[in-house]
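Engineer: My structure is in target.tsv, and what it holds is TSV, C-alpha atoms:
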```tsv
chain	number	residue	atom	x	y	z
A	1	MET	CA	42.04	-59.91	103.03
A	2	PHE	CA	42.11	-61.77	99.70
A	3	SER	CA	45.56	-62.52	98.28
A	4	SER	CA	46.26	-63.60	94.69
A	5	THR	CA	48.02	-66.87	93.96
A	6	ARG	CA	51.41	-66.93	92.24
A	7	LEU	CA	49.73	-68.15	89.05
A	8	THR	CA	47.32	-65.21	89.15
A	9	GLN	CA	50.23	-62.82	89.60
A	10	LEU	CA	51.99	-64.42	86.64
A	11	LEU	CA	48.90	-64.11	84.44
A	12	SER	CA	48.25	-60.50	85.48
A	13	ALA	CA	50.52	-59.30	82.65
A	14	ILE	CA	47.94	-60.56	80.13
A	15	PRO	CA	45.67	-57.70	78.95
A	16	ARG	CA	42.30	-59.42	79.38
A	17	GLN	CA	40.37	-56.80	77.40
A	18	PHE	CA	42.76	-57.02	74.44
A	19	PHE	CA	42.64	-60.83	74.53
A	20	GLN	CA	38.84	-60.85	74.68
A	21	GLN	CA	38.62	-58.46	71.73
A	22	SER	CA	40.90	-60.76	69.73
A	23	ILE	CA	38.70	-63.75	70.63
A	24	GLU	CA	35.63	-61.86	69.41
A	25	THR	CA	37.37	-60.70	66.24
A	26	HIS	CA	38.30	-64.25	65.26
A	27	GLN	CA	35.04	-65.68	66.67
A	28	ALA	CA	37.11	-68.24	68.54
A	29	ASP	CA	34.45	-68.88	71.19
A	30	ARG	CA	31.46	-68.93	68.88
A	31	TYR	CA	29.00	-71.67	69.92
A	32	VAL	CA	31.40	-72.73	72.70
A	33	LYS	CA	29.73	-74.05	75.86
A	34	ARG	CA	32.73	-75.58	77.61
A	35	CYS	CA	36.43	-74.79	77.59
A	36	THR	CA	36.67	-71.23	76.32
A	37	THR	CA	39.86	-69.93	74.71
A	38	TRP	CA	40.80	-68.27	78.01
A	39	GLN	CA	40.31	-71.52	79.93
A	40	LEU	CA	42.38	-73.39	77.36
A	41	LEU	CA	45.18	-70.80	77.54
A	42	VAL	CA	45.36	-70.96	81.36
A	43	THR	CA	45.37	-74.76	81.24
A	44	LEU	CA	48.14	-74.86	78.62
A	45	ILE	CA	50.29	-72.37	80.54
A	46	ARG	CA	49.81	-74.48	83.66
A	47	GLY	CA	50.79	-77.54	81.63
A	48	HIS	CA	53.97	-75.87	80.35
A	49	LEU	CA	55.03	-74.81	83.84
A	50	THR	CA	54.34	-78.19	85.42
A	51	GLN	CA	55.68	-80.17	82.44
A	52	ALA	CA	52.48	-82.18	82.02
A	53	SER	CA	53.55	-85.17	79.92
A	54	SER	CA	50.24	-85.99	78.24
A	55	LEU	CA	46.69	-84.81	77.68
A	56	ARG	CA	45.51	-87.08	80.47
A	57	SER	CA	47.99	-85.62	82.98
A	58	LEU	CA	47.05	-82.11	81.83
A	59	ALA	CA	43.38	-82.87	82.50
A	60	THR	CA	44.26	-84.37	85.91
A	61	ILE	CA	46.19	-81.24	86.89
A	62	SER	CA	43.23	-79.13	85.76
A	63	GLU	CA	40.83	-81.12	87.94
A	64	ASN	CA	43.10	-81.22	91.01
A	65	PHE	CA	43.72	-77.49	91.01
A	66	GLY	CA	40.20	-76.52	90.02
A	67	PRO	CA	39.29	-74.87	93.37
A	68	HIS	CA	42.39	-72.65	93.15
A	69	SER	CA	41.42	-71.44	89.67
A	70	TYR	CA	37.99	-70.07	90.61
A	71	HIS	CA	39.06	-66.43	90.52
A	72	LEU	CA	40.84	-67.01	87.20
A	73	LYS	CA	37.57	-68.21	85.65
A	74	ALA	CA	39.37	-71.36	84.53
A	75	ASP	CA	37.22	-74.27	85.65
A	76	PRO	CA	38.47	-77.88	85.40
A	77	ILE	CA	38.40	-79.33	81.89
A	78	ALA	CA	37.76	-82.98	81.08
A	79	ARG	CA	40.23	-84.81	78.84
A	80	SER	CA	37.77	-85.28	75.95
A	81	THR	CA	36.69	-81.63	76.11
A	82	MET	CA	40.31	-80.47	76.11
A	83	SER	CA	41.15	-82.69	73.13
A	84	ASP	CA	38.22	-81.25	71.22
A	85	ALA	CA	39.22	-77.67	72.14
A	86	LEU	CA	42.83	-78.14	71.00
A	87	ASN	CA	41.64	-79.21	67.57
A	88	LYS	CA	38.88	-76.62	67.15
A	89	ARG	CA	39.79	-73.41	69.04
A	90	ASP	CA	41.34	-70.83	66.75
A	91	TYR	CA	45.04	-70.29	67.51
A	92	ARG	CA	45.02	-66.67	66.27
A	93	PRO	CA	43.98	-65.06	69.60
A	94	LEU	CA	47.07	-66.66	71.17
A	95	GLN	CA	49.13	-65.41	68.23
A	96	ASP	CA	47.79	-61.88	68.81
A	97	LEU	CA	48.50	-62.11	72.55
A	98	CYS	CA	52.04	-63.29	71.87
A	99	GLY	CA	52.53	-60.29	69.59
A	100	TYR	CA	51.17	-57.92	72.25
A	101	LEU	CA	53.54	-59.25	74.91
A	102	MET	CA	56.48	-59.05	72.49
A	103	SER	CA	55.63	-55.41	71.77
A	104	ALA	CA	55.82	-54.78	75.54
A	105	VAL	CA	59.31	-56.33	75.52
A	106	SER	CA	60.22	-54.13	72.54
A	107	ARG	CA	59.04	-50.99	74.38
A	108	GLN	CA	61.13	-51.98	77.38
A	109	GLN	CA	64.05	-52.54	75.01
A	110	ARG	CA	63.89	-48.95	73.79
A	111	LYS	CA	64.01	-47.74	77.40
A	112	GLU	CA	67.20	-49.68	78.08
A	113	ILE	CA	70.45	-47.72	78.14
A	114	GLY	CA	72.85	-48.76	75.39
A	115	ALA	CA	72.66	-50.07	71.85
A	116	MET	CA	69.73	-52.25	70.78
A	117	VAL	CA	70.68	-55.68	69.44
A	118	SER	CA	68.38	-58.32	67.95
A	119	LEU	CA	69.53	-61.89	67.26
A	120	ILE	CA	67.82	-63.58	64.31
A	121	ASP	CA	67.51	-67.32	63.71
A	122	SER	CA	65.00	-70.15	63.36
A	123	THR	CA	64.46	-73.55	64.91
A	124	SER	CA	62.62	-76.61	63.60
A	125	ILE	CA	59.84	-78.40	65.45
A	126	THR	CA	59.98	-82.00	64.25
A	127	LEU	CA	56.55	-83.48	63.56
A	128	ARG	CA	56.94	-86.85	61.92
A	129	GLY	CA	54.87	-90.03	62.10
A	130	PRO	CA	51.43	-91.35	61.23
A	131	HIS	CA	49.69	-88.68	63.34
A	132	PHE	CA	51.49	-85.75	61.64
A	133	ASP	CA	52.33	-86.97	58.13
A	134	GLY	CA	48.91	-86.01	56.79
A	135	TRP	CA	49.72	-82.29	56.99
A	136	THR	CA	53.53	-82.11	57.37
A	137	ALA	CA	54.78	-84.56	54.70
A	138	ALA	CA	54.02	-82.17	51.83
A	139	THR	CA	56.35	-79.49	53.22
A	140	LYS	CA	59.16	-81.68	54.53
A	141	THR	CA	62.78	-81.01	53.59
A	142	ARG	CA	65.87	-83.15	53.35
A	143	ILE	CA	66.70	-82.21	56.94
A	144	THR	CA	63.41	-81.96	58.80
A	145	GLN	CA	59.64	-82.31	58.71
A	146	GLY	CA	57.14	-80.24	60.68
A	147	LEU	CA	57.11	-76.52	61.45
A	148	LYS	CA	59.76	-73.83	61.70
A	149	VAL	CA	59.74	-71.05	64.31
A	150	HIS	CA	61.46	-67.85	63.16
A	151	VAL	CA	62.56	-65.64	66.05
A	152	GLY	CA	64.11	-62.24	66.66
A	153	LEU	CA	65.57	-62.20	70.18
A	154	ASP	CA	66.36	-59.06	72.18
A	155	LEU	CA	69.91	-59.54	73.47
A	156	ALA	CA	69.48	-57.32	76.55
A	157	GLN	CA	66.36	-59.06	77.92
A	158	LEU	CA	66.81	-62.44	76.20
A	159	ALA	CA	63.15	-62.29	75.19
A	160	PRO	CA	61.63	-62.61	71.70
A	161	VAL	CA	60.48	-59.46	69.91
A	162	TYR	CA	59.50	-61.23	66.68
A	163	VAL	CA	58.00	-64.69	66.09
A	164	ASN	CA	56.58	-66.32	62.99
A	165	ILE	CA	55.62	-69.99	62.57
A	166	THR	CA	55.88	-71.40	59.05
A	167	PRO	CA	56.07	-74.82	57.35
A	168	ALA	CA	59.47	-76.48	57.53
A	169	ASN	CA	60.32	-75.78	53.88
A	170	VAL	CA	60.12	-71.98	54.22
A	171	ASN	CA	63.63	-70.60	53.87
A	172	ASP	CA	64.96	-68.19	56.50
A	173	LEU	CA	65.48	-65.56	53.81
A	174	SER	CA	61.85	-65.92	52.70
A	175	ASP	CA	60.69	-64.98	56.19
A	176	ALA	CA	63.27	-62.24	56.89
A	177	PRO	CA	61.55	-59.54	54.74
A	178	GLU	CA	58.37	-60.02	56.82
A	179	MET	CA	60.19	-58.96	59.99
A	180	PRO	CA	59.70	-55.27	60.91
A	181	ILE	CA	62.96	-53.29	60.83
A	182	GLN	CA	63.76	-50.71	63.53
A	183	ALA	CA	66.15	-47.83	62.83
A	184	GLY	CA	69.20	-47.94	65.08
A	185	MET	CA	68.84	-51.67	65.75
A	186	THR	CA	71.77	-54.03	65.16
A	187	TYR	CA	70.69	-57.36	63.68
A	188	VAL	CA	73.01	-60.32	64.16
A	189	PHE	CA	72.48	-63.48	62.07
A	190	ASP	CA	74.36	-66.36	60.46
A	191	LYS	CA	75.13	-67.27	56.83
A	192	GLY	CA	71.60	-68.58	56.30
A	193	TYR	CA	70.49	-64.96	55.82
A	194	CYS	CA	73.04	-64.14	53.11
A	195	ASP	CA	71.22	-61.79	50.73
A	196	TYR	CA	73.01	-58.59	49.75
A	197	ASN	CA	69.76	-56.86	48.77
A	198	TRP	CA	68.19	-57.58	52.18
A	199	TRP	CA	71.34	-56.27	53.85
A	200	HIS	CA	71.00	-53.14	51.72
A	201	GLU	CA	67.37	-52.79	52.84
A	202	LEU	CA	68.48	-52.97	56.49
A	203	GLN	CA	70.99	-50.19	55.88
A	204	THR	CA	68.46	-48.08	53.95
A	205	LYS	CA	66.08	-48.24	56.93
A	206	GLY	CA	68.81	-47.06	59.32
A	207	ALA	CA	69.64	-50.44	60.87
A	208	PHE	CA	72.98	-52.23	61.25
A	209	PHE	CA	73.86	-55.87	60.67
A	210	VAL	CA	76.63	-58.27	61.69
A	211	THR	CA	76.92	-61.61	59.94
A	212	ARG	CA	79.37	-64.11	58.45
A	213	LEU	CA	80.72	-63.71	54.96
A	214	LYS	CA	80.61	-66.67	52.59
A	215	LYS	CA	83.86	-68.08	51.24
A	216	ASN	CA	82.95	-67.41	47.60
A	217	ALA	CA	82.03	-63.74	48.18
A	218	ASN	CA	83.37	-61.51	45.40
A	219	ILE	CA	84.88	-58.54	47.25
A	220	LYS	CA	87.44	-55.84	46.62
A	221	VAL	CA	89.57	-54.49	49.47
A	222	LEU	CA	89.63	-50.67	49.56
A	223	HIS	CA	91.71	-49.86	52.62
A	224	GLU	CA	92.37	-50.78	56.24
A	225	HIS	CA	89.73	-49.56	58.67
A	226	SER	CA	91.69	-49.86	61.92
A	227	THR	CA	95.09	-51.03	63.05
A	228	VAL	CA	95.12	-54.46	64.67
A	229	THR	CA	97.22	-55.06	67.80
A	230	GLU	CA	99.15	-58.26	68.42
A	231	GLN	CA	97.25	-59.01	71.64
A	232	SER	CA	93.88	-58.96	69.88
A	233	SER	CA	92.19	-62.01	68.34
A	234	VAL	CA	91.24	-59.78	65.39
A	235	MET	CA	93.49	-60.50	62.41
A	236	THR	CA	92.32	-57.82	59.95
A	237	ASP	CA	89.80	-54.97	59.90
A	238	GLU	CA	89.21	-53.66	56.38
A	239	VAL	CA	86.77	-51.66	54.27
A	240	VAL	CA	85.63	-53.65	51.22
A	241	GLN	CA	83.10	-53.56	48.38
A	242	PHE	CA	81.02	-56.29	46.76
A	243	GLY	CA	82.02	-56.72	43.14
A	244	LYS	CA	79.21	-59.03	42.06
A	245	LYS	CA	76.79	-57.19	39.75
A	246	HIS	CA	73.98	-59.75	39.70
A	247	LEU	CA	72.61	-62.13	42.34
A	248	THR	CA	70.74	-65.40	41.77
A	249	GLY	CA	67.97	-65.15	39.22
A	250	LYS	CA	69.72	-62.21	37.52
A	251	ARG	CA	68.63	-59.81	40.24
A	252	LEU	CA	70.73	-56.68	40.41
A	253	ASN	CA	72.97	-56.40	43.48
A	254	ASP	CA	71.82	-53.25	45.30
A	255	TYR	CA	74.93	-53.36	47.50
A	256	ARG	CA	77.36	-53.31	44.55
A	257	GLU	CA	80.08	-50.63	44.83
A	258	LYS	CA	78.94	-49.66	48.34
A	259	SER	CA	81.39	-49.93	51.20
A	260	VAL	CA	81.06	-52.47	54.03
A	261	ARG	CA	83.45	-53.61	56.70
A	262	ARG	CA	85.16	-57.00	56.85
A	263	VAL	CA	86.52	-58.22	60.19
A	264	VAL	CA	88.60	-61.42	60.27
A	265	VAL	CA	88.81	-63.03	63.72
A	266	GLU	CA	91.09	-65.85	64.81
A	267	ARG	CA	89.23	-68.80	66.35
A	268	GLU	CA	90.88	-70.87	69.04
A	269	GLY	CA	90.85	-74.54	68.13
A	270	HIS	CA	89.91	-73.90	64.48
A	271	ALA	CA	92.21	-73.91	61.50
A	272	THR	CA	90.18	-71.28	59.61
A	273	PRO	CA	89.37	-67.80	60.96
A	274	LEU	CA	85.90	-66.28	61.32
A	275	VAL	CA	85.16	-63.76	58.55
A	276	LEU	CA	82.50	-61.21	59.53
A	277	VAL	CA	80.89	-58.43	57.52
A	278	THR	CA	79.03	-55.40	58.87
A	279	ASN	CA	77.84	-51.93	57.90
A	280	ASP	CA	78.76	-50.63	61.37
A	281	PHE	CA	81.85	-48.44	61.12
A	282	THR	CA	81.59	-47.08	64.67
A	283	ARG	CA	82.12	-50.10	66.92
A	284	THR	CA	85.60	-51.51	67.37
A	285	ALA	CA	86.56	-54.76	65.65
A	286	GLU	CA	86.57	-56.50	69.05
A	287	GLU	CA	83.00	-55.32	69.71
A	288	ILE	CA	81.88	-56.62	66.31
A	289	ALA	CA	83.44	-60.01	67.07
A	290	SER	CA	81.79	-60.02	70.52
A	291	LEU	CA	78.37	-59.28	68.99
A	292	TYR	CA	78.59	-62.29	66.71
A	293	LYS	CA	79.73	-64.43	69.61
A	294	ASP	CA	76.56	-63.33	71.47
A	295	ARG	CA	74.51	-64.87	68.66
A	296	TRP	CA	74.85	-68.14	70.59
A	297	GLN	CA	72.27	-66.77	73.05
A	298	ILE	CA	69.44	-67.44	70.60
A	299	GLU	CA	70.52	-71.08	70.38
A	300	LEU	CA	70.36	-71.24	74.17
A	301	PHE	CA	66.87	-69.68	74.01
A	302	PHE	CA	65.67	-72.42	71.65
A	303	LYS	CA	67.20	-75.04	73.94
A	304	TRP	CA	65.55	-73.44	77.02
A	305	ILE	CA	62.00	-73.40	75.70
A	306	LYS	CA	62.29	-76.97	74.40
A	307	GLN	CA	63.71	-78.32	77.66
A	308	HIS	CA	61.77	-76.35	80.29
A	309	LEU	CA	58.45	-75.86	78.48
A	310	LYS	CA	56.30	-78.47	76.78
A	311	LEU	CA	57.56	-78.47	73.19
A	312	LYS	CA	58.92	-82.01	72.73
A	313	ARG	CA	55.65	-83.94	72.91
A	314	PHE	CA	52.28	-82.61	71.85
A	315	TYR	CA	48.87	-83.06	73.43
A	316	ALA	CA	47.09	-83.33	70.04
A	317	TYR	CA	48.23	-83.87	66.47
A	318	SER	CA	46.43	-81.37	64.23
A	319	GLU	CA	48.23	-78.28	62.94
A	320	ASN	CA	45.88	-76.05	64.94
A	321	ALA	CA	46.66	-77.95	68.17
A	322	VAL	CA	50.42	-77.77	67.56
A	323	ARG	CA	50.29	-74.04	66.88
A	324	LEU	CA	48.23	-73.53	70.05
A	325	GLN	CA	50.86	-75.36	72.07
A	326	ILE	CA	53.79	-73.46	70.51
A	327	TYR	CA	52.19	-70.04	71.00
A	328	SER	CA	51.17	-70.88	74.58
A	329	ALA	CA	54.78	-71.94	75.28
A	330	LEU	CA	56.09	-68.61	73.96
A	331	ILE	CA	53.45	-66.76	76.01
A	332	SER	CA	54.56	-68.69	79.11
A	333	TYR	CA	58.17	-67.68	78.48
A	334	LEU	CA	57.23	-64.01	78.01
A	335	LEU	CA	55.11	-64.03	81.19
A	336	LEU	CA	58.04	-65.50	83.13
A	337	GLN	CA	60.34	-62.82	81.72
A	338	ILE	CA	57.93	-60.02	82.67
A	339	PHE	CA	57.39	-61.50	86.16
A	340	HIS	CA	61.17	-61.88	86.57
A	341	ARG	CA	61.68	-58.18	85.79
A	342	ARG	CA	58.79	-56.91	87.92
A	343	SER	CA	59.53	-59.06	90.96
A	344	GLY	CA	63.18	-58.02	91.20
A	345	PHE	CA	64.22	-61.66	91.57
A	346	THR	CA	68.03	-61.82	91.30
A	347	GLY	CA	68.35	-65.46	90.29
A	348	SER	CA	68.16	-66.93	86.79
A	349	LEU	CA	64.93	-67.45	84.87
A	350	PHE	CA	65.26	-71.20	85.41
A	351	GLU	CA	65.50	-70.73	89.19
A	352	LEU	CA	62.44	-68.47	89.10
A	353	THR	CA	60.52	-71.05	87.07
A	354	VAL	CA	61.35	-73.84	89.52
A	355	ARG	CA	60.23	-71.72	92.48
A	356	ILE	CA	56.98	-70.65	90.84
A	357	VAL	CA	56.09	-74.24	89.89
A	358	HIS	CA	56.41	-75.35	93.53
A	359	VAL	CA	54.27	-72.49	94.86
A	360	LEU	CA	51.96	-72.06	91.89
A	361	PHE	CA	48.81	-71.80	94.02
A	362	GLU	CA	50.36	-70.31	97.13
A	363	ARG	CA	48.80	-67.05	98.29
A	364	PRO	CA	51.63	-64.77	99.45
A	365	GLU	CA	50.91	-62.73	102.55
A	366	THR	CA	50.19	-59.06	101.80
A	367	PRO	CA	51.28	-56.24	104.18
A	368	VAL	CA	47.61	-55.56	105.07
A	369	LEU	CA	46.98	-59.22	105.86
A	370	ARG	CA	50.22	-59.45	107.83
A	371	GLU	CA	49.24	-56.44	109.96
A	372	ARG	CA	45.72	-57.78	110.55
A	373	ARG	CA	47.09	-61.13	111.74
A	374	ARG	CA	49.56	-59.34	114.03
A	375	GLN	CA	46.73	-57.38	115.63
A	376	GLU	CA	44.71	-60.56	116.10
A	377	ARG	CA	47.67	-62.23	117.81
A	378	GLU	CA	48.08	-59.22	120.12
A	379	LYS	CA	44.40	-59.34	121.09
A	380	LEU	CA	44.60	-63.09	121.72
A	381	LYS	CA	47.72	-62.65	123.83
A	382	ALA	CA	46.10	-59.88	125.89
A	383	ALA	CA	42.98	-62.01	126.48
A	384	GLN	CA	44.89	-65.09	127.67
A	385	GLY	CA	44.36	-65.88	131.31
A	386	SER	CA	41.15	-63.79	131.60
A	387	LEU	CA	37.66	-65.24	131.86
A	388	GLN	CA	34.93	-63.18	130.30
A	389	LEU	CA	31.35	-63.99	131.39
```
If you convert what's in this file into structure tokens, what do you get?

Structural biologist:
Amino acid sequence: MFSSTRLTQLLSAIPRQFFQQSIETHQADRYVKRCTTWQLLVTLIRGHLTQASSLRSLATISENFGPHSYHLKADPIARSTMSDALNKRDYRPLQDLCGYLMSAVSRQQRKEIGAMVSLIDSTSITLRGPHFDGWTAATKTRITQGLKVHVGLDLAQLAPVYVNITPANVNDLSDAPEMPIQAGMTYVFDKGYCDYNWWHELQTKGAFFVTRLKKNANIKVLHEHSTVTEQSSVMTDEVVQFGKKHLTGKRLNDYREKSVRRVVVEREGHATPLVLVTNDFTRTAEEIASLYKDRWQIELFFKWIKQHLKLKRFYAYSENAVRLQIYSALISYLLLQIFHRRSGFTGSLFELTVRIVHVLFERPETPVLRERRRQEREKLKAAQGSLQL
């Protein structure tokens, strides 16, 4: 009885028909004779999991495990062919696949019991040097040069539900309006997303937000929202209004004269407290403070994918190749998350990743195969000692 390898089981969450339709829509495999988009995706995922350090090592892994990839229709790829594919295969089918897998995470999120929370932030992918300067130097900033990955992370599953890759000079607030807003969702973000009109849009669409308030915010205290106990780290919990009529560029402040909530939290080891603002009047002040503390999880997510997937060194230097590698890394993470949930594995995602890497092409024994082998052993045992002529 045929048994699928661990890699095949991991890749089973990919909707092959949807992916093939996306390839045809973007004509990604037009005139391609070797190394299709599917073959390239499987090879890149394998490279992320095994931490292949270079294009040569990626090609070597592809050749060594070629016989195990027959049923995946992912034949071995030569180094030169892979280099050519990274520069020429359209990255948009991988972008579409990443979006499909994130929508599956979002559907699972809505099934979860409890409030839905999305953490918003971005991370920079540094691409600097003679190989990258040709297409990254024009969009570099004072801080970084390369690309920026904007992410919305589901707090319950610690999996992305929104991803957008932009040049490094695209401000977080320029990307935020592109993110779809879900009613009932609580969005948690830092001061980099300080725009009263965007906050007002979140509230208008039935969403909540928790963020830090800038020091120079013009506010008027209306009244106390809740009484603070001495044992709590919360210093004050008040209802306030923004008094500023115009924003930058003489834009009208849509949030002017509308009530929000200000929560001031004492920080251990810091001289200044943490000043939070939210439109959520239902949660307690301690819960609001805890939500903002959970924002650190998205920083850990960025650290995880950069350390445990291949996002520090790149196999090729064109923008298309870099985007292919970033999207394949995010797809690898989503596949691991889905496999982690379906398998019922109780350990951490890192522990699961380590185990899968060491048994990537192992074929686990199925119940049918186990029973067949047991019967064969019983027959062999019964026939021992007898001579049949």

Engineer: Rank nothing, just name the residue among A:Val105, A:Leu41, A:Ala168, A:Ile305 nearest to A:Ile77, using all atoms listed in the file.

Structural biologist: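 Checking each candidate against A:Ile77, we get A:Leu41 as the closest.
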
Engineer: Mind giving me the straight-line distance from atom CA of A:Glu319 to atom CA of A:Val149 in Å, one decimal?

Structural biologist: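 Result for atom CA of A:Glu319 versus atom CA of A:Val149: 13.7 Å, one decimal.
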
Engineer: Which one of A:Thr284, A:Ser233, A:Asn197, A:Asn279 sits closest to A:Val210 if you count all atoms listed in the file?

Structural biologist: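 When distances to A:Val210 are compared using all atoms listed in the file, the smallest one comes from A:Asn279.
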
Engineer: Which residues come within 12 Å of A:Pro273, counting only C-alpha atoms, excluding same-chain residues fewer than 2 positions away, as a list in words?

Structural biologist: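 Answer for this query is Arg212, Leu213, Lys215, Ser233, Val234, Met235, Thr236, Val263, Val264, Val265, Glu266, Arg267, Glu268, Gly269, His270, Ala271, Val275, Leu276 and Ala289 of chain A.
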
Engineer: I want to know what sits within 9 Å of A:Thr25, based on all atoms listed in the file, with residues of the same chain fewer than 4 positions away left out; could you give that as an MDAnalysis selection string?

Structural biologist: chainID A and resid 20:21 93

Engineer: So which residues touch A:Ser226 within 12 Å, counting all atoms listed in the file, skipping near sequence neighbours fewer than 3 positions away, as number ranges by chain?

Structural biologist: A: 223, 229, 234-239, 261-263, 281-286

Engineer: List the spatial neighbours of A:Pro160 as a compact mmCIF listing (two decimals) with C-alpha atoms, keeping the file's coordinate frame - criterion: any atom at most 12 Å away, all atoms listed in the file, same-chain residues fewer than 6 positions off excluded.

Structural biologist:
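The resulting part_9.txt:
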```
# COMPACT_ATOMS: atom_id res chain seq x y z
CA CYS A 98 52.04 -63.29 71.87
CA GLY A 99 52.53 -60.29 69.59
CA TYR A 100 51.17 -57.92 72.25
CA LEU A 101 53.54 -59.25 74.91
CA MET A 102 56.48 -59.05 72.49
CA SER A 103 55.63 -55.41 71.77
CA ALA A 104 55.82 -54.78 75.54
CA VAL A 105 59.31 -56.33 75.52
CA SER A 106 60.22 -54.13 72.54
CA GLN A 109 64.05 -52.54 75.01
CA VAL A 117 70.68 -55.68 69.44
CA SER A 118 68.38 -58.32 67.95
CA LEU A 119 69.53 -61.89 67.26
CA ILE A 120 67.82 -63.58 64.31
CA ASP A 121 67.51 -67.32 63.71
CA SER A 122 65.00 -70.15 63.36
CA VAL A 149 59.74 -71.05 64.31
CA HIS A 150 61.46 -67.85 63.16
CA VAL A 151 62.56 -65.64 66.05
CA GLY A 152 64.11 -62.24 66.66
CA LEU A 153 65.57 -62.20 70.18
CA ASP A 154 66.36 -59.06 72.18
CA GLN A 297 72.27 -66.77 73.05
CA ILE A 298 69.44 -67.44 70.60
CA PHE A 301 66.87 -69.68 74.01
CA PHE A 302 65.67 -72.42 71.65
CA ILE A 305 62.00 -73.40 75.70
CA LEU A 330 56.09 -68.61 73.96
CA ILE A 331 53.45 -66.76 76.01
CA SER A 332 54.56 -68.69 79.11
CA TYR A 333 58.17 -67.68 78.48
CA LEU A 334 57.23 -64.01 78.01
CA LEU A 335 55.11 -64.03 81.19
CA GLN A 337 60.34 -62.82 81.72
CA ILE A 338 57.93 -60.02 82.67
```

Engineer: Using all atoms of stretch 340-350 of chain A that appear in the file, construct an axis-aligned enclosing box with 3 Å of padding on every side and provide its centre coordinates and edge lengths in Å, rounded to one decimal, as AutoDock Vina command-line options.

Structural biologist:
```
--center_x 63.6 --center_y -64.1 --center_z 88.2 --size_x 15.6 --size_y 20.3 --size_z 12.7
```

Engineer: Which polymer residues have any atom within 7 Å of an atom of A:Tyr317, counting all atoms listed in the file, with same-chain residues fewer than 2 positions away left out, as a list of chain:residue names?

Structural biologist: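 In the requested form, the answer reads A:His131, A:Phe132, A:Phe314, A:Glu319, A:Ala321, A:Val322.
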
Engineer: Which residue is closest to A:Phe350? Choose from A:Leu324, A:Ile125, A:Ala52, A:Leu336 and count only C-alpha atoms.

Structural biologist: A:Leu336

Engineer: Which residue is closest to A:Gln27? Choose from A:Met179, A:Thr166, A:Tyr91, A:Lys306 and count all atoms listed in the file.

Structural biologist: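 Going through A:Met179, A:Thr166, A:Tyr91, A:Lys306 one by one, the smallest distance to A:Gln27 is for A:Tyr91.
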
Engineer: Measuring between all atoms listed in the file, which one of A:Thr211, A:Gln95, A:Ser124, A:Ser348 shows the shortest distance to A:Arg295?

Structural biologist: A:Thr211

Engineer: Nearest to A:Pro130: which of A:Ser328, A:Thr278, A:Thr353, A:Ser318 is it, counting all atoms listed in the file?

Structural biologist: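 The shortest atom-to-atom distance to A:Pro130 comes from A:Ser318.
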
Engineer: Tell me, in Å to one decimal, how far atom CA of A:Ile165 is from atom CA of A:Gly146.

Structural biologist: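 Separation of atom CA of A:Ile165 and atom CA of A:Gly146: 10.5 Å.
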
Engineer: Between atom CA of A:Gly206 and atom CA of A:Gly184, what distance in Å does the model show, to one decimal?

Structural biologist: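 Answer for the atom CA of A:Gly206 to atom CA of A:Gly184 separation: 5.8 Å.
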
Engineer: Output stretch 117-126 of chain A with N, CA and C atoms present, as a PDB file, keeping the file's coordinate frame.

Structural biologist:
```
ATOM      1  N   VAL A 117      70.177 -54.564  70.234  1.00  0.00           N
ATOM      2  CA  VAL A 117      70.680 -55.680  69.440  1.00  0.00           C
ATOM      3  C   VAL A 117      69.609 -56.754  69.361  1.00  0.00           C
ATOM      4  N   SER A 118      69.343 -57.240  68.157  1.00  0.00           N
ATOM      5  CA  SER A 118      68.380 -58.320  67.950  1.00  0.00           C
ATOM      6  C   SER A 118      69.069 -59.481  67.249  1.00  0.00           C
ATOM      7  N   LEU A 119      68.948 -60.674  67.829  1.00  0.00           N
ATOM      8  CA  LEU A 119      69.530 -61.890  67.260  1.00  0.00           C
ATOM      9  C   LEU A 119      68.465 -62.607  66.444  1.00  0.00           C
ATOM     10  N   ILE A 120      68.801 -62.984  65.213  1.00  0.00           N
ATOM     11  CA  ILE A 120      67.820 -63.580  64.310  1.00  0.00           C
ATOM     12  C   ILE A 120      68.229 -65.012  63.972  1.00  0.00           C
ATOM     13  N   ASP A 121      67.263 -65.926  64.091  1.00  0.00           N
ATOM     14  CA  ASP A 121      67.510 -67.320  63.710  1.00  0.00           C
ATOM     15  C   ASP A 121      66.172 -68.054  63.700  1.00  0.00           C
ATOM     16  N   SER A 122      66.210 -69.325  63.353  1.00  0.00           N
ATOM     17  CA  SER A 122      65.000 -70.150  63.360  1.00  0.00           C
ATOM     18  C   SER A 122      65.330 -71.514  63.930  1.00  0.00           C
ATOM     19  N   THR A 123      64.300 -72.195  64.407  1.00  0.00           N
ATOM     20  CA  THR A 123      64.460 -73.550  64.910  1.00  0.00           C
ATOM     21  C   THR A 123      63.328 -74.419  64.378  1.00  0.00           C
ATOM     22  N   SER A 124      63.614 -75.680  64.149  1.00  0.00           N
ATOM     23  CA  SER A 124      62.620 -76.610  63.600  1.00  0.00           C
ATOM     24  C   SER A 124      61.918 -77.366  64.721  1.00  0.00           C
ATOM     25  N   ILE A 125      60.631 -77.545  64.565  1.00  0.00           N
ATOM     26  CA  ILE A 125      59.840 -78.400  65.450  1.00  0.00           C
ATOM     27  C   ILE A 125      59.509 -79.658  64.665  1.00  0.00           C
ATOM     28  N   THR A 126      60.143 -80.761  65.004  1.00  0.00           N
ATOM     29  CA  THR A 126      59.980 -82.000  64.250  1.00  0.00           C
ATOM     30  C   THR A 126      58.623 -82.632  64.528  1.00  0.00           C
TER      31      THR A 126
END
```
